[in-house]
$ cat start.pdb   # PDB, C-alpha atoms
ATOM      1  CA  MET A 913     148.766 109.752  72.382  1.00  0.00           C
ATOM      2  CA  LYS A 914     148.567 109.172  68.632  1.00  0.00           C
ATOM      3  CA  LYS A 915     149.600 111.371  65.758  1.00  0.00           C
ATOM      4  CA  PHE A 916     146.568 112.420  63.711  1.00  0.00           C
ATOM      5  CA  MET A 917     147.049 114.183  60.393  1.00  0.00           C
ATOM      6  CA  PHE A 918     144.224 115.788  58.439  1.00  0.00           C
ATOM      7  CA  VAL A 919     144.915 116.220  54.748  1.00  0.00           C
ATOM      8  CA  ASN A 920     142.770 118.911  53.167  1.00  0.00           C
ATOM      9  CA  ARG A 921     142.689 118.612  49.389  1.00  0.00           C
ATOM     10  CA  LYS A 922     139.525 120.361  48.292  1.00  0.00           C
ATOM     11  CA  ALA A 923     138.391 123.946  47.776  1.00  0.00           C
ATOM     12  CA  PRO A 924     136.478 125.388  50.774  1.00  0.00           C
ATOM     13  CA  TYR A 925     133.214 125.726  48.858  1.00  0.00           C
ATOM     14  CA  GLY A 926     131.693 123.589  46.132  1.00  0.00           C
ATOM     15  CA  THR A 927     131.655 120.528  48.384  1.00  0.00           C
ATOM     16  CA  ILE A 928     131.255 120.118  52.135  1.00  0.00           C
ATOM     17  CA  TYR A 929     134.503 118.204  52.685  1.00  0.00           C
ATOM     18  CA  ALA A 930     136.559 121.165  53.914  1.00  0.00           C
ATOM     19  CA  LEU A 931     133.957 122.247  56.447  1.00  0.00           C
ATOM     20  CA  GLU A 932     133.267 118.763  57.785  1.00  0.00           C
ATOM     21  CA  SER A 933     137.017 118.084  57.940  1.00  0.00           C
ATOM     22  CA  LEU A 934     137.403 121.106  60.166  1.00  0.00           C
ATOM     23  CA  GLU A 935     134.679 119.739  62.434  1.00  0.00           C
ATOM     24  CA  VAL A 936     136.653 116.500  62.896  1.00  0.00           C
ATOM     25  CA  VAL A 937     139.822 118.481  63.590  1.00  0.00           C
ATOM     26  CA  LEU A 938     138.145 120.474  66.358  1.00  0.00           C
ATOM     27  CA  ILE A 939     136.766 117.318  67.986  1.00  0.00           C
ATOM     28  CA  THR A 940     140.112 115.519  67.728  1.00  0.00           C
ATOM     29  CA  ALA A 941     141.813 118.451  69.437  1.00  0.00           C
ATOM     30  CA  THR A 942     139.630 117.878  72.508  1.00  0.00           C
ATOM     31  CA  PHE A 943     140.919 114.283  72.739  1.00  0.00           C
ATOM     32  CA  ASP A 944     144.410 115.443  73.656  1.00  0.00           C
ATOM     33  CA  GLN A 945     146.042 113.919  70.568  1.00  0.00           C
ATOM     34  CA  ASP A 946     148.923 115.186  68.426  1.00  0.00           C
ATOM     35  CA  VAL A 947     147.052 116.949  65.597  1.00  0.00           C
ATOM     36  CA  SER A 948     148.464 118.350  62.384  1.00  0.00           C
ATOM     37  CA  LEU A 949     146.827 119.710  59.245  1.00  0.00           C
ATOM     38  CA  VAL A 950     148.064 119.573  55.698  1.00  0.00           C
ATOM     39  CA  PHE A 951     146.759 121.696  52.839  1.00  0.00           C
ATOM     40  CA  ILE A 952     147.435 120.394  49.388  1.00  0.00           C
ATOM     41  CA  ASP A 953     145.989 120.805  45.862  1.00  0.00           C
ATOM     42  CA  ASP A 954     142.838 122.995  45.976  1.00  0.00           C
ATOM     43  CA  GLY A 955     142.909 122.581  49.773  1.00  0.00           C
ATOM     44  CA  VAL A 956     145.266 125.575  49.919  1.00  0.00           C
ATOM     45  CA  TYR A 957     142.285 127.778  48.998  1.00  0.00           C
ATOM     46  CA  GLU A 958     140.759 126.963  52.387  1.00  0.00           C
ATOM     47  CA  LEU A 959     143.355 129.221  54.005  1.00  0.00           C
ATOM     48  CA  VAL A 960     143.242 132.164  51.620  1.00  0.00           C
ATOM     49  CA  LYS A 961     142.565 135.552  53.232  1.00  0.00           C
ATOM     50  CA  GLY A 962     139.547 137.683  52.410  1.00  0.00           C
ATOM     51  CA  GLN A 963     137.041 134.996  51.519  1.00  0.00           C
ATOM     52  CA  GLN A 964     133.655 136.497  50.660  1.00  0.00           C
ATOM     53  CA  THR A 965     130.830 134.016  50.328  1.00  0.00           C
ATOM     54  CA  LYS A 966     127.783 136.275  50.355  1.00  0.00           C
ATOM     55  CA  GLY A 967     127.295 135.781  46.625  1.00  0.00           C
ATOM     56  CA  ILE A 968     126.987 132.011  46.944  1.00  0.00           C
ATOM     57  CA  GLY A 969     124.837 132.112  50.076  1.00  0.00           C
ATOM     58  CA  ILE A 970     127.133 129.820  52.041  1.00  0.00           C
ATOM     59  CA  LYS A 971     128.648 130.658  55.411  1.00  0.00           C
ATOM     60  CA  ASN A 972     132.281 131.774  55.316  1.00  0.00           C
ATOM     61  CA  PHE A 973     133.881 129.420  57.820  1.00  0.00           C
ATOM     62  CA  SER A 974     137.470 130.490  57.199  1.00  0.00           C
ATOM     63  CA  PRO A 975     137.711 132.485  60.483  1.00  0.00           C
ATOM     64  CA  SER A 976     137.550 129.082  62.224  1.00  0.00           C
ATOM     65  CA  TYR A 977     141.092 128.353  61.033  1.00  0.00           C
ATOM     66  CA  ARG A 978     142.234 131.286  63.144  1.00  0.00           C
ATOM     67  CA  ALA A 979     140.592 129.663  66.168  1.00  0.00           C
ATOM     68  CA  LEU A 980     142.662 126.479  65.828  1.00  0.00           C
ATOM     69  CA  GLU A 981     145.441 128.002  67.886  1.00  0.00           C
ATOM     70  CA  GLY A 982     143.038 128.195  70.826  1.00  0.00           C
ATOM     71  CA  TYR A 983     142.621 124.413  70.566  1.00  0.00           C
ATOM     72  CA  ASP A 984     146.410 123.952  70.603  1.00  0.00           C
ATOM     73  CA  VAL A 985     146.333 122.966  66.943  1.00  0.00           C
ATOM     74  CA  GLU A 986     149.382 124.799  65.673  1.00  0.00           C
ATOM     75  CA  LYS A 987     150.936 122.420  63.159  1.00  0.00           C
ATOM     76  CA  LEU A 988     149.692 123.592  59.780  1.00  0.00           C
ATOM     77  CA  TYR A 989     151.613 122.529  56.714  1.00  0.00           C
ATOM     78  CA  VAL A 990     151.081 123.736  53.166  1.00  0.00           C
ATOM     79  CA  ASP A 991     152.377 122.133  50.003  1.00  0.00           C
ATOM     80  CA  ARG A 992     154.682 124.494  48.131  1.00  0.00           C
ATOM     81  CA  ALA A 993     153.835 123.256  44.631  1.00  0.00           C
ATOM     82  CA  SER A 994     150.103 123.629  45.304  1.00  0.00           C
ATOM     83  CA  LEU A 995     150.634 127.298  46.261  1.00  0.00           C
ATOM     84  CA  ASP A 996     152.883 127.962  43.265  1.00  0.00           C
ATOM     85  CA  GLN A 997     150.524 126.342  40.784  1.00  0.00           C
ATOM     86  CA  ARG A 998     147.730 128.639  41.971  1.00  0.00           C
ATOM     87  CA  GLY A 999     149.793 131.826  42.063  1.00  0.00           C
ATOM     88  CA  LEU A1000     149.535 132.005  45.840  1.00  0.00           C
ATOM     89  CA  ALA A1001     152.154 132.961  48.416  1.00  0.00           C
ATOM     90  CA  GLU A1002     152.394 132.388  52.159  1.00  0.00           C
ATOM     91  CA  SER A1003     151.398 136.040  52.658  1.00  0.00           C
ATOM     92  CA  ASP A1004     148.008 135.303  51.052  1.00  0.00           C
ATOM     93  CA  LEU A1005     147.107 132.910  53.884  1.00  0.00           C
ATOM     94  CA  LEU A1006     145.134 133.845  56.981  1.00  0.00           C
ATOM     95  CA  VAL A1007     147.119 131.815  59.518  1.00  0.00           C
ATOM     96  CA  PRO A1008     150.824 131.090  60.062  1.00  0.00           C
ATOM     97  CA  VAL A1009     151.872 127.907  58.271  1.00  0.00           C
ATOM     98  CA  GLU A1010     154.967 125.969  57.406  1.00  0.00           C
ATOM     99  CA  VAL A1011     155.467 125.532  53.665  1.00  0.00           C
ATOM    100  CA  LEU A1012     156.944 122.161  52.710  1.00  0.00           C
ATOM    101  CA  ASP A1013     158.035 120.524  49.492  1.00  0.00           C
ATOM    102  CA  ALA A1014     156.668 117.140  48.448  1.00  0.00           C
ATOM    103  CA  GLN A1015     159.520 115.159  49.945  1.00  0.00           C
ATOM    104  CA  GLN A1016     159.255 116.856  53.342  1.00  0.00           C
ATOM    105  CA  MET A1017     155.503 116.327  53.243  1.00  0.00           C
ATOM    106  CA  GLY A1018     155.986 112.651  52.510  1.00  0.00           C
ATOM    107  CA  GLU A1019     158.380 112.238  55.412  1.00  0.00           C
ATOM    108  CA  LEU A1020     155.918 113.929  57.738  1.00  0.00           C
ATOM    109  CA  MET A1021     153.096 111.665  56.569  1.00  0.00           C
ATOM    110  CA  ALA A1022     155.233 108.599  57.164  1.00  0.00           C
ATOM    111  CA  GLN A1023     155.484 109.549  60.853  1.00  0.00           C
ATOM    112  CA  GLN A1024     151.711 109.608  61.429  1.00  0.00           C
ATOM    113  CA  ASP A1025     149.524 106.995  63.130  1.00  0.00           C
ATOM    114  CA  VAL A1026     146.259 108.125  61.563  1.00  0.00           C
ATOM    115  CA  ILE A1027     145.812 110.084  58.336  1.00  0.00           C
ATOM    116  CA  LEU A1028     142.386 111.314  57.360  1.00  0.00           C
ATOM    117  CA  SER A1029     142.143 112.838  53.927  1.00  0.00           C
ATOM    118  CA  PHE A1030     139.221 115.041  52.965  1.00  0.00           C
TER     119      PHE A1030
ATOM    120  CA  MET B 890     144.374  93.096  63.566  1.00  0.00           C
ATOM    121  CA  LYS B 891     141.767  95.527  64.815  1.00  0.00           C
ATOM    122  CA  PHE B 892     140.372  97.739  62.032  1.00  0.00           C
ATOM    123  CA  GLY B 893     138.371 100.929  62.209  1.00  0.00           C
ATOM    124  CA  VAL B 894     136.496 101.810  59.013  1.00  0.00           C
ATOM    125  CA  LEU B 895     135.352 105.226  57.784  1.00  0.00           C
ATOM    126  CA  VAL B 896     132.734 105.518  55.023  1.00  0.00           C
ATOM    127  CA  ASN B 897     132.536 108.987  53.490  1.00  0.00           C
ATOM    128  CA  GLU B 898     130.114 108.544  50.580  1.00  0.00           C
ATOM    129  CA  GLY B 899     126.468 107.639  50.221  1.00  0.00           C
ATOM    130  CA  PRO B 900     125.179 104.407  48.684  1.00  0.00           C
ATOM    131  CA  TYR B 901     124.772 103.729  44.938  1.00  0.00           C
ATOM    132  CA  THR B 902     126.183 107.038  43.605  1.00  0.00           C
ATOM    133  CA  HIS B 903     129.610 105.998  44.792  1.00  0.00           C
ATOM    134  CA  GLN B 904     131.190 102.588  45.263  1.00  0.00           C
ATOM    135  CA  ALA B 905     132.772 103.518  48.613  1.00  0.00           C
ATOM    136  CA  SER B 906     130.102 101.836  50.732  1.00  0.00           C
ATOM    137  CA  ASP B 907     130.263  98.632  48.648  1.00  0.00           C
ATOM    138  CA  SER B 908     134.059  98.537  48.923  1.00  0.00           C
ATOM    139  CA  ALA B 909     133.920  99.181  52.655  1.00  0.00           C
ATOM    140  CA  TYR B 910     131.379  96.389  53.092  1.00  0.00           C
ATOM    141  CA  GLN B 911     133.497  93.972  51.084  1.00  0.00           C
ATOM    142  CA  PHE B 912     136.576  94.979  53.061  1.00  0.00           C
ATOM    143  CA  VAL B 913     134.795  94.328  56.357  1.00  0.00           C
ATOM    144  CA  VAL B 914     133.494  90.929  55.200  1.00  0.00           C
ATOM    145  CA  ALA B 915     136.964  89.919  53.992  1.00  0.00           C
ATOM    146  CA  ALA B 916     138.672  91.150  57.166  1.00  0.00           C
ATOM    147  CA  LEU B 917     136.240  89.219  59.387  1.00  0.00           C
ATOM    148  CA  ALA B 918     136.688  86.088  57.247  1.00  0.00           C
ATOM    149  CA  LYS B 919     140.441  86.340  57.823  1.00  0.00           C
ATOM    150  CA  GLY B 920     139.923  86.476  61.579  1.00  0.00           C
ATOM    151  CA  HIS B 921     140.483  90.216  62.034  1.00  0.00           C
ATOM    152  CA  SER B 922     138.158  92.310  64.135  1.00  0.00           C
ATOM    153  CA  ILE B 923     136.239  95.426  63.142  1.00  0.00           C
ATOM    154  CA  GLN B 924     136.338  97.923  65.966  1.00  0.00           C
ATOM    155  CA  ARG B 925     133.714 100.176  64.351  1.00  0.00           C
ATOM    156  CA  VAL B 926     132.360 101.422  61.044  1.00  0.00           C
ATOM    157  CA  PHE B 927     131.837 105.174  61.117  1.00  0.00           C
ATOM    158  CA  PHE B 928     129.657 106.953  58.547  1.00  0.00           C
ATOM    159  CA  TYR B 929     130.498 110.570  57.746  1.00  0.00           C
ATOM    160  CA  HIS B 930     129.750 113.188  55.077  1.00  0.00           C
ATOM    161  CA  ASP B 931     127.151 111.690  52.656  1.00  0.00           C
ATOM    162  CA  GLY B 932     128.097 108.318  54.145  1.00  0.00           C
ATOM    163  CA  VAL B 933     125.302 108.901  56.664  1.00  0.00           C
ATOM    164  CA  ASN B 934     122.848 108.113  53.852  1.00  0.00           C
ATOM    165  CA  ASN B 935     123.879 104.467  54.160  1.00  0.00           C
ATOM    166  CA  ALA B 936     121.868 104.308  57.367  1.00  0.00           C
ATOM    167  CA  THR B 937     118.313 105.055  56.281  1.00  0.00           C
ATOM    168  CA  ARG B 938     115.762 102.264  56.268  1.00  0.00           C
ATOM    169  CA  LEU B 939     113.729 104.217  53.704  1.00  0.00           C
ATOM    170  CA  THR B 940     116.151 103.000  51.041  1.00  0.00           C
ATOM    171  CA  GLU B 941     114.440 100.859  48.391  1.00  0.00           C
ATOM    172  CA  PRO B 942     116.659  99.787  45.510  1.00  0.00           C
ATOM    173  CA  PRO B 943     115.212  97.792  42.577  1.00  0.00           C
ATOM    174  CA  GLN B 944     114.684  94.077  43.302  1.00  0.00           C
ATOM    175  CA  ASP B 945     117.582  92.954  41.127  1.00  0.00           C
ATOM    176  CA  ASP B 946     120.126  95.231  42.786  1.00  0.00           C
ATOM    177  CA  ARG B 947     122.074  94.743  46.007  1.00  0.00           C
ATOM    178  CA  HIS B 948     120.550  96.366  49.111  1.00  0.00           C
ATOM    179  CA  VAL B 949     123.447  98.388  50.483  1.00  0.00           C
ATOM    180  CA  VAL B 950     121.662  99.428  53.679  1.00  0.00           C
ATOM    181  CA  ASN B 951     120.215  96.028  54.610  1.00  0.00           C
ATOM    182  CA  ARG B 952     123.570  94.430  53.901  1.00  0.00           C
ATOM    183  CA  TRP B 953     125.158  96.607  56.609  1.00  0.00           C
ATOM    184  CA  SER B 954     122.278  95.786  58.972  1.00  0.00           C
ATOM    185  CA  SER B 955     122.788  92.048  58.428  1.00  0.00           C
ATOM    186  CA  LEU B 956     126.477  92.413  59.119  1.00  0.00           C
ATOM    187  CA  ALA B 957     125.707  94.191  62.389  1.00  0.00           C
ATOM    188  CA  ALA B 958     123.266  91.432  63.380  1.00  0.00           C
ATOM    189  CA  GLU B 959     125.575  88.559  62.476  1.00  0.00           C
ATOM    190  CA  HIS B 960     128.912  89.904  63.645  1.00  0.00           C
ATOM    191  CA  LYS B 961     127.933  92.597  66.123  1.00  0.00           C
ATOM    192  CA  VAL B 962     129.741  95.227  64.042  1.00  0.00           C
ATOM    193  CA  ASP B 963     129.271  98.681  65.569  1.00  0.00           C
ATOM    194  CA  LEU B 964     127.735 100.939  62.885  1.00  0.00           C
ATOM    195  CA  VAL B 965     127.924 104.580  63.926  1.00  0.00           C
ATOM    196  CA  VAL B 966     126.473 107.551  62.072  1.00  0.00           C
ATOM    197  CA  CYS B 967     127.825 111.040  62.762  1.00  0.00           C
ATOM    198  CA  VAL B 968     125.089 113.106  64.384  1.00  0.00           C
ATOM    199  CA  ALA B 969     126.040 116.484  62.885  1.00  0.00           C
ATOM    200  CA  ALA B 970     126.439 115.092  59.370  1.00  0.00           C
ATOM    201  CA  ALA B 971     123.213 113.083  59.770  1.00  0.00           C
ATOM    202  CA  LEU B 972     121.014 115.938  60.964  1.00  0.00           C
ATOM    203  CA  ARG B 973     122.208 118.101  58.062  1.00  0.00           C
ATOM    204  CA  ARG B 974     120.982 115.399  55.693  1.00  0.00           C
ATOM    205  CA  GLY B 975     117.713 114.457  57.356  1.00  0.00           C
ATOM    206  CA  ILE B 976     118.936 111.222  58.920  1.00  0.00           C
ATOM    207  CA  LYS B 977     117.389 110.817  62.363  1.00  0.00           C
ATOM    208  CA  GLU B 978     116.715 108.039  64.876  1.00  0.00           C
ATOM    209  CA  GLU B 979     113.271 107.387  63.385  1.00  0.00           C
ATOM    210  CA  VAL B 980     114.651 106.481  59.954  1.00  0.00           C
ATOM    211  CA  LEU B 981     117.658 104.439  61.081  1.00  0.00           C
ATOM    212  CA  ALA B 982     117.953 100.909  59.735  1.00  0.00           C
ATOM    213  CA  PRO B 983     118.557  98.143  62.326  1.00  0.00           C
ATOM    214  CA  GLY B 984     122.074  97.933  63.668  1.00  0.00           C
ATOM    215  CA  PHE B 985     122.943 101.602  63.141  1.00  0.00           C
ATOM    216  CA  ARG B 986     123.267 104.127  65.936  1.00  0.00           C
ATOM    217  CA  ILE B 987     123.766 107.893  65.897  1.00  0.00           C
ATOM    218  CA  SER B 988     126.635 109.356  67.877  1.00  0.00           C
ATOM    219  CA  GLY B 989     129.263 112.071  67.794  1.00  0.00           C
ATOM    220  CA  LEU B 990     132.485 112.574  65.875  1.00  0.00           C
ATOM    221  CA  GLY B 991     134.299 111.541  69.031  1.00  0.00           C
ATOM    222  CA  GLN B 992     133.497 107.968  67.997  1.00  0.00           C
ATOM    223  CA  LEU B 993     135.627 108.441  64.872  1.00  0.00           C
ATOM    224  CA  VAL B 994     138.525 109.836  66.895  1.00  0.00           C
ATOM    225  CA  ASP B 995     138.090 106.910  69.298  1.00  0.00           C
ATOM    226  CA  SER B 996     138.466 104.542  66.318  1.00  0.00           C
ATOM    227  CA  GLY B 997     141.675 106.294  65.321  1.00  0.00           C
ATOM    228  CA  ILE B 998     143.003 105.868  68.841  1.00  0.00           C
ATOM    229  CA  LYS B 999     141.879 102.284  69.516  1.00  0.00           C
ATOM    230  CA  ALA B1000     142.116 100.562  66.137  1.00  0.00           C
ATOM    231  CA  ASP B1001     145.419  99.315  64.742  1.00  0.00           C
ATOM    232  CA  ARG B1002     144.434 100.757  61.375  1.00  0.00           C
ATOM    233  CA  LEU B1003     141.756 103.240  60.382  1.00  0.00           C
ATOM    234  CA  VAL B1004     140.767 102.605  56.758  1.00  0.00           C
ATOM    235  CA  THR B1005     138.898 105.263  54.758  1.00  0.00           C
ATOM    236  CA  PHE B1006     136.500 104.613  51.881  1.00  0.00           C
ATOM    237  CA  GLY B1007     135.389 107.478  49.647  1.00  0.00           C
ATOM    238  CA  ASP B1008     136.807 110.643  48.122  1.00  0.00           C
TER     239      ASP B1008
END
$ encode --input "start.pdb" --output "structure tokens"
Amino acid sequence: MKKFMFVNRKAPYGTIYALESLEVVLITATFDQDVSLVFIDDGVYELVKGQQTKGIGIKNFSPSYRALEGYDVEKLYVDRASLDQRGLAESDLLVPVEVLDAQQMGELMAQQDVILSF
Amino acid sequence: MKFGVLVNEGPYTHQASDSAYQFVVAALAKGHSIQRVFFYHDGVNNATRLTEPPQDDRHVVNRWSSLAAEHKVDLVVCVAAALRRGIKEEVLAPGFRISGLGQLVDSGIKADRLVTFGD
């Protein structure tokens, strides 16, 4: 088993990276690997509650993050500075996460076998 | 060393595909092996044989095809990302094949290093 980490750095809409990253995460989960997700920079917006996308005509895929638990993907880490800079708190997020500072995040990354950054 | 390569951007707009190609050529020249090159996001646009750059420019797509022919490099295009962008079997350049995201995960598992090119 290898340790796969997915680093999500981009806002959920505007580009397709967040959505297609989630598709890789779901596939990786079926391969019985150690999977963790990191949300950093604008990537923290992917997890914000109450997303409404009707106005932009793009599907709101944020409920899928709630389904991750069903795939045994339970390691979700969020960068503290990224939340702070955007005026967000853990209570604004739609799934339980662990909030880490940059040093803790770095240590976690150093333990991974594969890091995919989207 | 056994490398897996991930290309996340399309040709010409972004240098990712050029850099990935140059990385693969250099790795092979040094005696390393390339386990697979996987094309995701707009990277799937590297696989269409309809690509026709001006005569005096490099041909990003044909260059990958030649590499596949000469070194048997496995060029895999993500099916979901491809269908979204109109890339289907009938437009694939030689040497490319369409398969699932599982092939990317497989690269992560089997390769010593998985190297990403693109944003």
$ resolve_selection --input "start.pdb" --expression "the ChimeraX specification (/A :<7) & /B" --output "ChimeraX atom specification"
/B:990-991,994,997-998,1003,1008
$ write_last_selection --input "start.pdb" --atoms "C-alpha atoms" --output "short mmCIF file (atom, residue, chain, number, x, y, z; two decimals), in the frame of the given file"
data_model
loop_
_atom_site.label_atom_id
_atom_site.label_comp_id
_atom_site.auth_asym_id
_atom_site.auth_seq_id
_atom_site.Cartn_x
_atom_site.Cartn_y
_atom_site.Cartn_z
CA LEU B 990 132.49 112.57 65.88
CA GLY B 991 134.30 111.54 69.03
CA VAL B 994 138.52 109.84 66.90
CA GLY B 997 141.68 106.29 65.32
CA ILE B 998 143.00 105.87 68.84
CA LEU B 1003 141.76 103.24 60.38
CA ASP B 1008 136.81 110.64 48.12
#
$ atom_distance --input "start.pdb" --atom1 "CA of Ser906 in chain B" --atom2 "CA of Phe1006 in chain B"
7.1 Å
$ resolve_selection --input "start.pdb" --expression "the PyMOL selection byres ((chain B and resi 930) around 6)" --output "MDAnalysis selection string"
chainID B and resid 897 929 931:932 970
$ resolve_selection --input "start.pdb" --expression "the PyMOL selection byres ((chain A and resi 951) around 10)" --output "PyMOL selection string"
chain A and resi 918-922+949-950+952-959+988-992+994-995+1009+1011
$ atom_distance --input "start.pdb" --atom1 "CA of Arg947 in chain B" --atom2 "CA of Ala1000 in chain B"
29.0 Å
$ build_atoms --input "start.pdb" --residues "range 921-940 of chain B" --atoms "N, CA and C atoms" --output "short mmCIF file (atom, residue, chain, number, x, y, z; two decimals), in the frame of the given file"
data_model
loop_
_atom_site.label_atom_id
_atom_site.label_comp_id
_atom_site.auth_asym_id
_atom_site.auth_seq_id
_atom_site.Cartn_x
_atom_site.Cartn_y
_atom_site.Cartn_z
N HIS B 921 140.23 88.89 61.45
CA HIS B 921 140.48 90.22 62.03
C HIS B 921 139.22 90.71 62.73
N SER B 922 139.36 91.76 63.53
CA SER B 922 138.16 92.31 64.14
C SER B 922 137.91 93.72 63.61
N ILE B 923 136.63 94.09 63.59
CA ILE B 923 136.24 95.43 63.14
C ILE B 923 135.80 96.20 64.38
N GLN B 924 136.60 97.17 64.74
CA GLN B 924 136.34 97.92 65.97
C GLN B 924 135.08 98.78 65.82
N ARG B 925 134.89 99.34 64.61
CA ARG B 925 133.71 100.18 64.35
C ARG B 925 133.69 100.55 62.87
N VAL B 926 132.49 100.79 62.36
CA VAL B 926 132.36 101.42 61.04
C VAL B 926 131.69 102.76 61.29
N PHE B 927 132.35 103.83 60.88
CA PHE B 927 131.84 105.17 61.12
C PHE B 927 131.40 105.79 59.79
N PHE B 928 130.22 106.36 59.77
CA PHE B 928 129.66 106.95 58.55
C PHE B 928 129.65 108.47 58.67
N TYR B 929 130.35 109.11 57.70
CA TYR B 929 130.50 110.57 57.75
C TYR B 929 130.18 111.16 56.38
N HIS B 930 130.15 112.49 56.30
CA HIS B 930 129.75 113.19 55.08
C HIS B 930 128.45 112.54 54.55
N ASP B 931 128.34 112.34 53.20
CA ASP B 931 127.15 111.69 52.66
C ASP B 931 127.08 110.21 53.05
N GLY B 932 128.10 109.70 53.67
CA GLY B 932 128.10 108.32 54.14
C GLY B 932 126.94 108.04 55.10
N VAL B 933 126.43 109.09 55.74
CA VAL B 933 125.30 108.90 56.66
C VAL B 933 124.06 108.37 55.93
N ASN B 934 124.01 108.60 54.62
CA ASN B 934 122.85 108.11 53.85
C ASN B 934 122.83 106.59 53.70
N ASN B 935 123.87 105.93 54.14
CA ASN B 935 123.88 104.47 54.16
C ASN B 935 123.01 103.91 55.28
N ALA B 936 122.52 104.79 56.15
CA ALA B 936 121.87 104.31 57.37
C ALA B 936 120.35 104.40 57.35
N THR B 937 119.77 104.88 56.25
CA THR B 937 118.31 105.06 56.28
C THR B 937 117.54 103.82 55.80
N ARG B 938 116.57 103.44 56.61
CA ARG B 938 115.76 102.26 56.27
C ARG B 938 114.72 102.58 55.19
N LEU B 939 114.65 103.84 54.77
CA LEU B 939 113.73 104.22 53.70
C LEU B 939 114.28 103.84 52.33
N THR B 940 115.51 103.38 52.30
CA THR B 940 116.15 103.00 51.04
C THR B 940 115.45 101.81 50.39
#
